[in-house]
Amino acid sequence: MKLTLETLVKEAVKFSKSESQKTHPELLGVSDGKAIGTYIEHNFKSQLKRKYVFNEGSSAKGIDFPDTHINTDLKVTSAKKPQSSCPFKNVEQKIYGLGYNIIVFVYKKRDISDKCYLDFKHCIFIPFDKTGDYNLTKKLRNMIRKGAGEKEIMDLLNEKNVPGDDVILENLAKKILLKPPKQGFLTISNALQWRLKYNNAINSKNQIEGNVKYGKIQ
């Protein structure tokens, strides 16, 4: 059976619920977040492979589910500090989104005696066009509604340290006025790689238009 985007999200929700009920002896005493994330991703993809056909990507090669009809990356993060990183492609990602959907598993690990538990606190789907920066897109949308011009938009981009020289930011300001961004739900910090934080997505997940929650596209 061919994997679809809707099926992927339904399976992600089922996986997060079922894994929360299991013990994970392989992770007993493990505190390395990368190792835990790799373990969760491997188990999820292994379950999918038993039922579906899909092209498998990786963080090293690109996004996890690169098929054009899926176009989704999988993120795994601890509830203690829900964040991860992704490659920087261009400055527009901060405003118009990363260019692909994201499924985020947010877990809390518990070691009790000789048993290890993974409590999945959230399973969130964020559509590609809502993966922009929460605060920046919110301010831009408000400014455009109030009739801001190119100079005001450029001033905000400079104030927020959006990377780019004057020519890049001027062209970006013109594009923003012609094509206002949708509300983003990530916090994207400037770095050699984008640093993604998920608190806004977690707090707003019931309000995200197009959000997939518990297997239903709302």
# chains A, B, ... in the order shown; residues from 1 in each chain; ligands from 1
call {"tool": "select_by_dssp", "arguments": {"residues": "region 10-210 of chain A", "states": "strand (DSSP E or B)", "output": "PyMOL selection string"}}
result
chain A and resi 23+53+65+72-78+83-87+101-112+115-126+133+186-189+193-197
call {"tool": "write_last_selection", "arguments": {"atoms": "C-alpha atoms", "output": "short mmCIF file (atom, residue, chain, number, x, y, z; two decimals), in the first residue's frame"}}
result
data_model
loop_
_atom_site.label_atom_id
_atom_site.label_comp_id
_atom_site.auth_asym_id
_atom_site.auth_seq_id
_atom_site.Cartn_x
_atom_site.Cartn_y
_atom_site.Cartn_z
CA THR A 23 8.85 -0.13 28.09
CA VAL A 53 5.61 1.65 0.37
CA PHE A 65 9.68 11.43 3.69
CA THR A 72 7.49 15.80 5.38
CA ASP A 73 10.33 15.79 7.86
CA LEU A 74 10.19 14.01 11.20
CA LYS A 75 11.43 15.78 14.32
CA VAL A 76 11.89 14.19 17.74
CA THR A 77 12.50 16.35 20.78
CA SER A 78 12.41 16.20 24.56
CA GLN A 83 13.74 22.21 19.85
CA SER A 84 15.88 20.89 17.01
CA SER A 85 17.87 22.16 14.05
CA CYS A 86 17.51 22.06 10.29
CA PRO A 87 19.61 23.18 7.30
CA ASN A 101 5.75 19.75 6.41
CA ILE A 102 6.90 18.74 9.88
CA ILE A 103 5.71 16.03 12.23
CA VAL A 104 7.03 16.60 15.74
CA PHE A 105 7.19 13.90 18.42
CA VAL A 106 7.59 15.51 21.85
CA TYR A 107 8.51 12.94 24.51
CA LYS A 108 9.41 12.72 28.18
CA LYS A 109 11.75 9.89 29.19
CA ARG A 110 11.39 8.19 32.57
CA ASP A 111 13.67 5.56 34.07
CA ILE A 112 11.94 3.77 36.94
CA LYS A 115 12.43 0.01 33.27
CA CYS A 116 12.45 2.89 30.80
CA TYR A 117 9.32 4.67 29.59
CA LEU A 118 8.78 7.20 26.81
CA ASP A 119 5.73 9.36 27.44
CA PHE A 120 4.80 11.07 24.17
CA LYS A 121 3.36 14.40 25.28
CA HIS A 122 2.53 15.74 21.83
CA CYS A 123 2.34 14.60 18.22
CA ILE A 124 2.01 17.69 16.06
CA PHE A 125 1.68 18.15 12.32
CA ILE A 126 2.64 21.57 10.92
CA ASP A 133 8.74 32.15 12.52
CA LEU A 186 7.92 27.84 14.90
CA THR A 187 10.54 29.98 16.61
CA ILE A 188 13.45 30.11 14.17
CA SER A 189 16.78 31.37 15.50
CA GLN A 193 21.69 26.00 10.78
CA TRP A 194 18.23 27.22 11.65
CA ARG A 195 17.40 26.46 15.29
CA LEU A 196 13.75 25.48 15.59
CA LYS A 197 11.77 25.79 18.82
#
call {"tool": "residues_around", "arguments": {"residues": "Leu157 (chain A)", "least_positions_apart": "4", "cutoff": "10 Å", "atoms": "only C-alpha atoms", "output": "mmCIF file with C-alpha atoms, in the first residue's frame"}}
result
data_model
loop_
_atom_site.group_PDB
_atom_site.id
_atom_site.type_symbol
_atom_site.label_atom_id
_atom_site.label_comp_id
_atom_site.auth_asym_id
_atom_site.auth_seq_id
_atom_site.Cartn_x
_atom_site.Cartn_y
_atom_site.Cartn_z
ATOM 1 C CA LEU A 136 8.019 37.626 12.843
ATOM 2 C CA LEU A 140 4.431 41.289 9.462
ATOM 3 C CA LYS A 151 10.434 50.932 4.366
ATOM 4 C CA GLU A 152 8.541 49.824 7.472
ATOM 5 C CA ILE A 153 8.861 46.194 6.437
ATOM 6 C CA ASN A 161 18.297 40.597 12.385
ATOM 7 C CA VAL A 162 16.924 38.723 9.408
ATOM 8 C CA PRO A 163 20.122 37.667 7.579
ATOM 9 C CA GLY A 164 20.835 39.432 4.299
ATOM 10 C CA LEU A 169 16.030 42.587 2.376
ATOM 11 C CA GLU A 170 14.623 45.147 -0.069
ATOM 12 C CA LEU A 172 12.155 40.404 0.415
ATOM 13 C CA ALA A 173 10.151 43.400 1.667
#
call {"tool": "residues_around", "arguments": {"residues": "His69 (chain A)", "least_positions_apart": "2", "cutoff": "8 Å", "atoms": "only C-alpha atoms", "output": "number ranges by chain"}}
result
A: 4-5, 67, 71
call {"tool": "write_last_selection", "arguments": {"atoms": "N, CA and C atoms", "output": "short mmCIF file (atom, residue, chain, number, x, y, z; two decimals), in the first residue's frame"}}
result
data_model
loop_
_atom_site.label_atom_id
_atom_site.label_comp_id
_atom_site.auth_asym_id
_atom_site.auth_seq_id
_atom_site.Cartn_x
_atom_site.Cartn_y
_atom_site.Cartn_z
N THR A 4 0.45 7.75 2.18
CA THR A 4 -0.02 9.10 1.88
C THR A 4 0.27 10.00 3.07
N LEU A 5 0.12 11.30 2.87
CA LEU A 5 0.36 12.24 3.96
C LEU A 5 -0.61 12.03 5.10
N ASP A 67 8.92 11.98 -0.75
CA ASP A 67 7.95 11.86 -1.84
C ASP A 67 7.18 13.17 -1.98
N ASN A 71 6.30 14.98 1.37
CA ASN A 71 7.15 16.15 1.60
C ASN A 71 7.19 16.54 3.08
#
call {"tool": "select_by_dssp", "arguments": {"residues": "region 4-143 of chain A", "states": "helix (DSSP H, G or I)", "output": "PyMOL selection string"}}
result
chain A and resi 5-20+25-27+33-49+93-96+128-130+134-143
call {"tool": "write_last_selection", "arguments": {"atoms": "N, CA and C atoms", "output": "compact mmCIF listing (two decimals), in the first residue's frame"}}
result
# COMPACT_ATOMS: atom_id res chain seq x y z
N LEU A 5 0.12 11.30 2.87
CA LEU A 5 0.36 12.24 3.96
C LEU A 5 -0.61 12.03 5.10
N GLU A 6 -1.88 11.88 4.77
CA GLU A 6 -2.88 11.70 5.83
C GLU A 6 -2.62 10.41 6.60
N THR A 7 -2.27 9.35 5.87
CA THR A 7 -1.97 8.07 6.54
C THR A 7 -0.73 8.20 7.41
N LEU A 8 0.27 8.91 6.93
CA LEU A 8 1.49 9.11 7.71
C LEU A 8 1.17 9.76 9.06
N VAL A 9 0.32 10.78 9.04
CA VAL A 9 -0.01 11.47 10.28
C VAL A 9 -0.84 10.58 11.21
N LYS A 10 -1.77 9.83 10.63
CA LYS A 10 -2.56 8.91 11.45
C LYS A 10 -1.64 7.88 12.12
N GLU A 11 -0.69 7.36 11.35
CA GLU A 11 0.24 6.37 11.91
C GLU A 11 1.14 6.99 12.96
N ALA A 12 1.52 8.24 12.78
CA ALA A 12 2.34 8.93 13.78
C ALA A 12 1.60 9.06 15.10
N VAL A 13 0.33 9.40 15.03
CA VAL A 13 -0.47 9.53 16.25
C VAL A 13 -0.63 8.17 16.93
N LYS A 14 -0.92 7.14 16.14
CA LYS A 14 -1.05 5.78 16.70
C LYS A 14 0.25 5.34 17.34
N PHE A 15 1.36 5.62 16.67
CA PHE A 15 2.67 5.25 17.18
C PHE A 15 2.96 5.94 18.51
N SER A 16 2.70 7.23 18.58
CA SER A 16 3.00 7.97 19.81
C SER A 16 2.18 7.45 20.98
N LYS A 17 0.96 7.04 20.71
CA LYS A 17 0.12 6.50 21.79
C LYS A 17 0.59 5.11 22.21
N SER A 18 0.90 4.26 21.22
CA SER A 18 1.29 2.88 21.55
C SER A 18 2.66 2.84 22.23
N GLU A 19 3.59 3.67 21.77
CA GLU A 19 4.93 3.67 22.36
C GLU A 19 4.92 4.17 23.81
N SER A 20 3.94 5.01 24.11
CA SER A 20 3.82 5.51 25.49
C SER A 20 3.41 4.41 26.46
N PRO A 25 13.69 -1.01 27.11
CA PRO A 25 14.92 -1.37 27.83
C PRO A 25 16.19 -0.91 27.12
N GLU A 26 16.14 -0.73 25.81
CA GLU A 26 17.33 -0.28 25.06
C GLU A 26 17.77 1.13 25.49
N LEU A 27 16.83 1.88 26.04
CA LEU A 27 17.13 3.27 26.40
C LEU A 27 17.36 3.47 27.89
N GLY A 33 20.12 12.86 23.79
CA GLY A 33 18.90 13.14 23.04
C GLY A 33 18.96 12.67 21.61
N LYS A 34 20.13 12.77 20.99
CA LYS A 34 20.27 12.32 19.60
C LYS A 34 20.06 10.81 19.49
N ALA A 35 20.59 10.06 20.44
CA ALA A 35 20.42 8.60 20.43
C ALA A 35 18.96 8.23 20.63
N ILE A 36 18.28 8.95 21.52
CA ILE A 36 16.86 8.68 21.76
C ILE A 36 16.05 9.01 20.52
N GLY A 37 16.36 10.14 19.89
CA GLY A 37 15.64 10.54 18.68
C GLY A 37 15.84 9.53 17.56
N THR A 38 17.08 9.04 17.39
CA THR A 38 17.36 8.04 16.35
C THR A 38 16.58 6.76 16.62
N TYR A 39 16.50 6.35 17.88
CA TYR A 39 15.76 5.16 18.27
C TYR A 39 14.28 5.30 17.92
N ILE A 40 13.69 6.44 18.24
CA ILE A 40 12.27 6.66 17.96
C ILE A 40 12.02 6.69 16.45
N GLU A 41 12.84 7.41 15.72
CA GLU A 41 12.67 7.49 14.27
C GLU A 41 12.80 6.11 13.63
N HIS A 42 13.79 5.33 14.05
CA HIS A 42 14.00 3.99 13.50
C HIS A 42 12.79 3.10 13.75
N ASN A 43 12.27 3.13 14.97
CA ASN A 43 11.11 2.30 15.30
C ASN A 43 9.88 2.71 14.50
N PHE A 44 9.68 4.01 14.35
CA PHE A 44 8.51 4.50 13.61
C PHE A 44 8.60 4.08 12.14
N LYS A 45 9.76 4.28 11.53
CA LYS A 45 9.91 3.93 10.12
C LYS A 45 9.83 2.41 9.92
N SER A 46 10.33 1.65 10.88
CA SER A 46 10.26 0.19 10.77
C SER A 46 8.81 -0.28 10.76
N GLN A 47 7.98 0.34 11.60
CA GLN A 47 6.56 0.00 11.61
C GLN A 47 5.90 0.36 10.30
N LEU A 48 6.24 1.53 9.76
CA LEU A 48 5.64 1.95 8.50
C LEU A 48 6.02 1.00 7.35
N LYS A 49 7.28 0.55 7.34
CA LYS A 49 7.75 -0.31 6.25
C LYS A 49 7.02 -1.64 6.21
N GLN A 93 12.90 31.25 4.30
CA GLN A 93 12.34 30.18 5.14
C GLN A 93 11.80 30.73 6.46
N LYS A 94 12.41 31.78 6.97
CA LYS A 94 11.99 32.34 8.25
C LYS A 94 10.61 32.99 8.14
N ILE A 95 10.23 33.36 6.92
CA ILE A 95 8.97 34.07 6.72
C ILE A 95 7.93 33.20 6.04
N TYR A 96 8.33 32.47 5.01
CA TYR A 96 7.37 31.67 4.25
C TYR A 96 7.40 30.19 4.60
N PHE A 128 3.60 22.86 5.63
CA PHE A 128 4.81 23.53 5.16
C PHE A 128 4.70 25.05 5.18
N ASP A 129 3.51 25.58 4.86
CA ASP A 129 3.38 27.03 4.77
C ASP A 129 3.13 27.69 6.12
N LYS A 130 3.12 26.88 7.19
CA LYS A 130 2.98 27.43 8.53
C LYS A 130 4.22 27.13 9.38
N TYR A 134 7.09 32.35 14.27
CA TYR A 134 5.81 32.77 14.87
C TYR A 134 5.74 34.28 15.05
N ASN A 135 6.69 34.86 15.78
CA ASN A 135 6.62 36.28 16.10
C ASN A 135 6.81 37.17 14.89
N LEU A 136 7.75 36.79 14.01
CA LEU A 136 8.02 37.63 12.84
C LEU A 136 6.83 37.65 11.89
N THR A 137 6.25 36.48 11.60
CA THR A 137 5.10 36.47 10.69
C THR A 137 3.90 37.17 11.32
N LYS A 138 3.74 37.06 12.62
CA LYS A 138 2.62 37.74 13.29
C LYS A 138 2.75 39.25 13.15
N LYS A 139 3.96 39.78 13.37
CA LYS A 139 4.18 41.23 13.25
C LYS A 139 4.03 41.69 11.81
N LEU A 140 4.56 40.92 10.87
CA LEU A 140 4.43 41.29 9.46
C LEU A 140 2.97 41.34 9.03
N ARG A 141 2.21 40.35 9.43
CA ARG A 141 0.79 40.30 9.05
C ARG A 141 0.03 41.48 9.65
N ASN A 142 0.35 41.82 10.90
CA ASN A 142 -0.30 42.97 11.54
C ASN A 142 0.07 44.28 10.84
N MET A 143 1.35 44.42 10.49
CA MET A 143 1.81 45.63 9.81
C MET A 143 1.13 45.79 8.45
